[in-house]
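With TSV, C-alpha atoms inside, this is start_2.tsv:
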```tsv
chain	number	residue	atom	x	y	z
A	1	MET	CA	-4.00	21.65	8.09
A	2	LEU	CA	-2.27	18.36	8.84
A	3	LEU	CA	-2.21	19.04	12.57
A	4	GLY	CA	-5.93	19.83	12.45
A	5	LEU	CA	-6.60	16.53	10.71
A	6	ALA	CA	-4.46	14.69	13.28
A	7	ALA	CA	-6.36	16.32	16.16
A	8	LEU	CA	-9.68	15.43	14.53
A	9	VAL	CA	-8.68	11.80	14.01
A	10	LEU	CA	-7.33	11.48	17.56
A	11	ALA	CA	-10.57	12.92	18.96
A	12	PHE	CA	-12.51	10.44	16.80
A	13	PHE	CA	-10.38	7.55	18.13
A	14	PHE	CA	-10.95	8.72	21.70
A	15	VAL	CA	-14.71	8.75	21.24
A	16	LEU	CA	-14.54	5.37	19.52
A	17	VAL	CA	-12.63	3.77	22.39
A	18	LEU	CA	-15.05	5.25	24.91
A	19	GLN	CA	-18.02	3.85	23.00
A	20	ASN	CA	-16.67	0.38	22.31
A	21	ARG	CA	-13.21	-0.63	23.45
A	22	ARG	CA	-12.69	-3.56	21.07
A	23	ARG	CA	-13.82	-1.61	18.04
A	24	GLY	CA	-11.74	1.43	18.98
A	25	VAL	CA	-8.58	-0.57	19.61
A	26	ALA	CA	-9.02	-2.40	16.29
A	27	VAL	CA	-9.31	0.87	14.36
A	28	ILE	CA	-6.34	2.44	16.14
A	29	LEU	CA	-4.17	-0.63	15.54
A	30	ALA	CA	-5.24	-0.69	11.89
A	31	TRP	CA	-4.12	2.92	11.60
A	32	ILE	CA	-0.81	2.40	13.40
A	33	PHE	CA	0.22	-0.52	11.20
A	34	PRO	CA	-1.70	-1.83	8.16
A	35	GLY	CA	-3.38	-5.14	8.92
A	36	LEU	CA	-2.73	-5.06	12.66
A	37	GLY	CA	-6.36	-4.23	13.48
A	38	HIS	CA	-7.56	-7.35	11.69
A	39	LEU	CA	-4.90	-9.46	13.42
A	40	TYR	CA	-6.15	-8.10	16.76
A	41	LEU	CA	-9.67	-9.19	15.80
A	42	GLY	CA	-8.40	-12.69	14.99
A	43	LEU	CA	-8.76	-12.30	11.20
A	44	LYS	CA	-5.24	-13.46	10.39
A	45	THR	CA	-5.50	-14.12	6.67
A	46	ARG	CA	-7.40	-10.93	6.02
A	47	GLY	CA	-5.00	-8.88	8.10
A	48	LEU	CA	-1.88	-10.32	6.49
A	49	PHE	CA	-3.37	-9.92	3.01
A	50	LEU	CA	-4.41	-6.29	3.53
A	51	GLY	CA	-1.18	-5.42	5.33
A	52	GLY	CA	0.92	-7.05	2.62
A	53	ILE	CA	-0.81	-5.21	-0.21
A	54	ILE	CA	-0.74	-1.83	1.52
A	55	LEU	CA	2.87	-2.11	2.63
A	56	ALA	CA	3.96	-3.34	-0.80
A	57	LEU	CA	2.29	-0.34	-2.44
A	58	PHE	CA	3.75	2.05	0.10
A	59	PHE	CA	7.31	0.81	-0.29
A	60	ALA	CA	7.01	0.51	-4.08
A	61	GLY	CA	6.14	4.22	-4.08
A	62	GLY	CA	9.10	4.90	-1.82
A	63	VAL	CA	11.50	3.02	-4.07
A	64	MET	CA	10.29	4.94	-7.14
A	65	CYS	CA	10.95	8.24	-5.35
A	66	ASP	CA	14.16	7.12	-3.65
A	67	PHE	CA	12.24	7.50	-0.37
A	68	ARG	CA	12.00	11.27	-0.73
A	69	ASN	CA	8.22	11.37	-1.09
A	70	ILE	CA	7.15	11.21	2.56
A	71	GLU	CA	7.62	14.59	4.15
A	72	PRO	CA	4.59	16.34	5.61
A	73	LEU	CA	5.92	19.80	6.34
A	74	ARG	CA	8.48	20.90	3.77
A	75	ARG	CA	7.71	19.05	0.56
A	76	HIS	CA	4.29	17.46	0.29
A	77	ASP	CA	1.57	18.90	2.46
A	78	VAL	CA	-1.16	17.73	0.08
A	79	TRP	CA	0.19	14.20	-0.42
A	80	ALA	CA	0.74	14.08	3.35
A	81	LEU	CA	-3.02	14.13	3.87
A	82	ALA	CA	-3.15	10.70	2.23
A	83	HIS	CA	0.15	9.49	3.74
A	84	PHE	CA	-1.23	10.35	7.18
A	85	PHE	CA	-3.47	7.27	7.09
A	86	ALA	CA	-0.53	4.92	6.49
A	87	GLY	CA	0.37	5.36	10.16
A	88	LEU	CA	3.66	4.11	11.51
A	89	PRO	CA	5.34	3.24	8.17
A	90	ALA	CA	4.75	6.79	6.94
A	91	ALA	CA	5.90	8.33	10.22
A	92	ALA	CA	9.03	6.18	10.33
A	93	THR	CA	9.88	6.93	6.69
A	94	ALA	CA	9.35	10.66	7.23
A	95	PHE	CA	11.58	10.60	10.30
A	96	VAL	CA	14.38	8.54	8.76
A	97	THR	CA	14.45	10.51	5.48
A	98	ARG	CA	13.92	13.96	6.98
A	99	HIS	CA	17.39	15.17	5.94
A	100	LEU	CA	17.19	13.96	2.34
A	101	LEU	CA	16.73	16.59	-0.34
A	102	ILE	CA	15.29	16.36	-3.84
A	103	GLU	CA	18.39	17.05	-5.93
A	104	GLN	CA	17.20	15.98	-9.35
A	105	ARG	CA	13.94	15.43	-11.17
A	106	ARG	CA	13.10	11.73	-11.27
A	107	PRO	CA	10.80	10.39	-13.99
A	108	TYR	CA	8.94	8.11	-11.59
A	109	TYR	CA	8.57	10.69	-8.83
A	110	ASP	CA	4.91	11.57	-9.39
A	111	ILE	CA	3.77	7.99	-9.82
A	112	GLY	CA	5.74	7.04	-6.68
A	113	CYS	CA	3.93	9.73	-4.69
A	114	LEU	CA	0.67	8.38	-6.08
A	115	TYR	CA	1.51	4.80	-5.03
A	116	SER	CA	2.27	5.83	-1.44
A	117	ALA	CA	-0.79	8.07	-1.27
A	118	VAL	CA	-3.06	5.28	-2.55
A	119	ALA	CA	-1.52	2.97	0.07
A	120	GLY	CA	-2.52	5.46	2.77
A	121	LEU	CA	-6.05	5.77	1.42
A	122	LEU	CA	-6.40	1.98	1.14
A	123	ASN	CA	-5.34	1.77	4.78
A	124	LEU	CA	-8.21	4.12	5.56
A	125	LEU	CA	-10.50	1.57	3.91
A	126	ALA	CA	-8.85	-1.18	5.97
A	127	MET	CA	-9.50	0.88	9.12
A	128	LEU	CA	-13.17	1.17	8.18
A	129	ASP	CA	-13.26	-2.57	7.54
A	130	ALA	CA	-11.73	-3.24	10.98
A	131	PHE	CA	-14.44	-1.00	12.43
A	132	ASP	CA	-17.05	-3.03	10.60
A	133	GLN	CA	-15.59	-6.43	11.49
A	134	ALA	CA	-15.34	-5.68	15.22
A	135	GLU	CA	-18.86	-6.38	16.28
A	136	PRO	CA	-20.02	-4.74	19.50
A	137	GLU	CA	-19.23	-6.71	22.64
A	138	PRO	CA	-22.15	-8.90	23.69
A	139	ALA	CA	-24.02	-7.57	26.66
A	140	ALA	CA	-23.41	-9.37	29.94
A	141	PRO	CA	-26.16	-11.90	30.61
A	142	GLN	CA	-28.76	-10.62	32.99
A	143	VAL	CA	-28.83	-12.72	36.15
A	144	ASP	CA	-32.33	-13.24	37.25
A	145	ALA	CA	-32.07	-12.66	40.96
A	146	ALA	CA	-35.54	-13.94	41.65
A	147	LYS	CA	-34.78	-17.22	39.91
A	148	GLU	CA	-31.58	-17.66	41.86
A	149	THR	CA	-33.22	-17.07	45.19
A	150	ALA	CA	-36.00	-19.50	44.27
A	151	ALA	CA	-33.40	-22.14	43.41
B	152	LEU	CA	7.32	19.77	-23.30
B	153	LYS	CA	8.28	16.12	-23.08
B	154	PRO	CA	6.28	14.09	-20.56
B	155	PRO	CA	8.45	12.25	-18.01
B	156	LEU	CA	6.90	8.87	-18.84
B	157	SER	CA	5.90	7.30	-22.12
B	158	LEU	CA	2.35	6.10	-22.66
B	159	LEU	CA	3.39	2.45	-22.34
B	160	GLU	CA	5.29	3.12	-19.10
B	161	SER	CA	2.30	4.96	-17.66
B	162	ILE	CA	-0.01	2.06	-18.50
B	163	LEU	CA	2.40	-0.52	-17.08
B	164	LEU	CA	2.80	1.45	-13.84
B	165	PHE	CA	-0.93	1.96	-13.56
B	166	LEU	CA	-1.73	-1.80	-13.74
B	167	PRO	CA	-0.29	-2.95	-10.36
B	168	LEU	CA	-1.81	0.06	-8.63
B	169	ASN	CA	-5.18	-0.76	-10.12
B	170	TYR	CA	-4.87	-4.45	-9.19
B	171	ALA	CA	-4.00	-3.57	-5.58
B	172	ILE	CA	-7.02	-1.29	-5.33
B	173	CYS	CA	-9.28	-4.01	-6.77
B	174	LEU	CA	-7.90	-6.65	-4.37
B	175	VAL	CA	-8.40	-4.45	-1.30
B	176	CYS	CA	-11.92	-3.51	-2.40
B	177	SER	CA	-12.84	-7.16	-2.98
B	178	THR	CA	-11.39	-8.02	0.45
B	179	LEU	CA	-14.02	-5.75	1.97
B	180	ARG	CA	-16.80	-7.68	0.27
B	181	ARG	CA	-15.71	-11.32	0.50
B	182	LYS	CA	-14.51	-13.65	3.23
B	183	ASP	CA	-12.38	-16.43	1.77
B	184	MET	CA	-9.20	-15.89	-0.19
B	185	ARG	CA	-10.25	-17.71	-3.32
B	186	SER	CA	-13.34	-15.58	-3.89
B	187	ILE	CA	-11.37	-12.44	-2.97
B	188	LEU	CA	-8.81	-13.21	-5.67
B	189	ARG	CA	-11.47	-14.18	-8.20
B	190	GLN	CA	-13.59	-11.10	-7.63
B	191	GLY	CA	-10.55	-8.81	-7.46
B	192	THR	CA	-9.29	-10.12	-10.78
B	193	ARG	CA	-12.72	-9.64	-12.32
B	194	PHE	CA	-12.85	-6.06	-11.02
B	195	PHE	CA	-9.34	-5.47	-12.32
B	196	ILE	CA	-10.07	-6.71	-15.83
B	197	SER	CA	-13.29	-4.76	-16.18
B	198	MET	CA	-11.81	-1.58	-14.69
B	199	THR	CA	-8.68	-1.77	-16.82
B	200	VAL	CA	-10.58	-2.39	-20.03
B	201	GLY	CA	-13.01	0.41	-19.23
B	202	ILE	CA	-10.30	2.93	-18.35
B	203	LEU	CA	-8.22	2.02	-21.40
B	204	ILE	CA	-11.23	2.45	-23.70
B	205	VAL	CA	-12.14	5.83	-22.19
B	206	SER	CA	-8.49	6.95	-22.31
B	207	ALA	CA	-8.15	5.87	-25.94
B	208	VAL	CA	-11.30	7.78	-26.89
B	209	VAL	CA	-10.13	10.91	-25.03
B	210	LEU	CA	-6.66	10.70	-26.59
B	211	GLY	CA	-8.16	10.16	-30.04
B	212	VAL	CA	-10.42	13.17	-29.68
B	213	MET	CA	-7.52	15.31	-28.46
B	214	GLU	CA	-5.28	14.18	-31.33
B	215	TYR	CA	-8.07	14.96	-33.79
B	216	ALA	CA	-8.68	18.37	-32.25
B	217	LEU	CA	-4.95	19.19	-32.33
B	218	ALA	CA	-4.60	18.01	-35.93
B	219	HIS	CA	-7.53	20.13	-37.14
```

Please go through the file and, once you have read it, give me the structure as structure tokens.
Amino acid sequence: MLLGLAALVLAFFFVLVLQNRRRGVAVILAWIFPGLGHLYLGLKTRGLFLGGIILALFFAGGVMCDFRNIEPLRRHDVWALAHFFAGLPAAATAFVTRHLLIEQRRPYYDIGCLYSAVAGLLNLLAMLDAFDQAEPEPAAPQVDAAKETAA
Amino acid sequence: LKPPLSLLESILLFLPLNYAICLVCSTLRRKDMRSILRQGTRFFISMTVGILIVSAVVLGVMEYALAH
């Protein structure tokens, strides 16, 4: 299921880049790291603000779960659908903590999973905002050949 | 069955999550930071009050149904 979603998103990104390079790159960067798409578009304050909030939520969730909440294949295939949109932080956390096991029931485990999942879904909103903020590139001005030859 | 978190803990953990959601949603609508913070805080207060009222009503009804 997760691989299907990844393939779908990658195909969507590919089409997006083909249609409009600036818009596509902004969305991809926003997915890879929260706020990076806005920074690419020159919206520094907005990018730093969104990135700060999303990363804070993501790592707060990780701390509550002792960083054992991000694991797409063995533990949390449903939560992973939301973590997928957190991009590089989720991938890095999953890779670094891949050998950790859940040895005891933690009281904050569920709410920690929820925090990280909401961070991923908010990053999806940030990606859509980056898509919206990147206006299409202005068309190249038409050179009037007749005018030039007359001049 | 004992729930893992008390009601107060659940509410306290829900507040920052709710505030973050409100701030991100207001970022999508506004441009400058001051209006983002103002609108996000307004969203947060109204959402929190609304959710707490609905939760209190649901809990009250459940308590009543369990008691009778």

*Return as number ranges by chain the residues belonging to chain B that are within 12 Å of chain A, counting all atoms listed in the file.*
B: 153-157, 160-185, 187-188

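Coordinates place CA of His83 in chain A at a distance of 9.0 Å from CA of Phe58 in chain A.
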
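Atom pair CA of Thr93 in chain A / CA of Trp79 in chain A: separated by 14.0 Å.
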
*Suppose you want the space between CA of Gly120 in chain A and CA of Phe84 in chain A; what is it in Å?*
6.7 Å
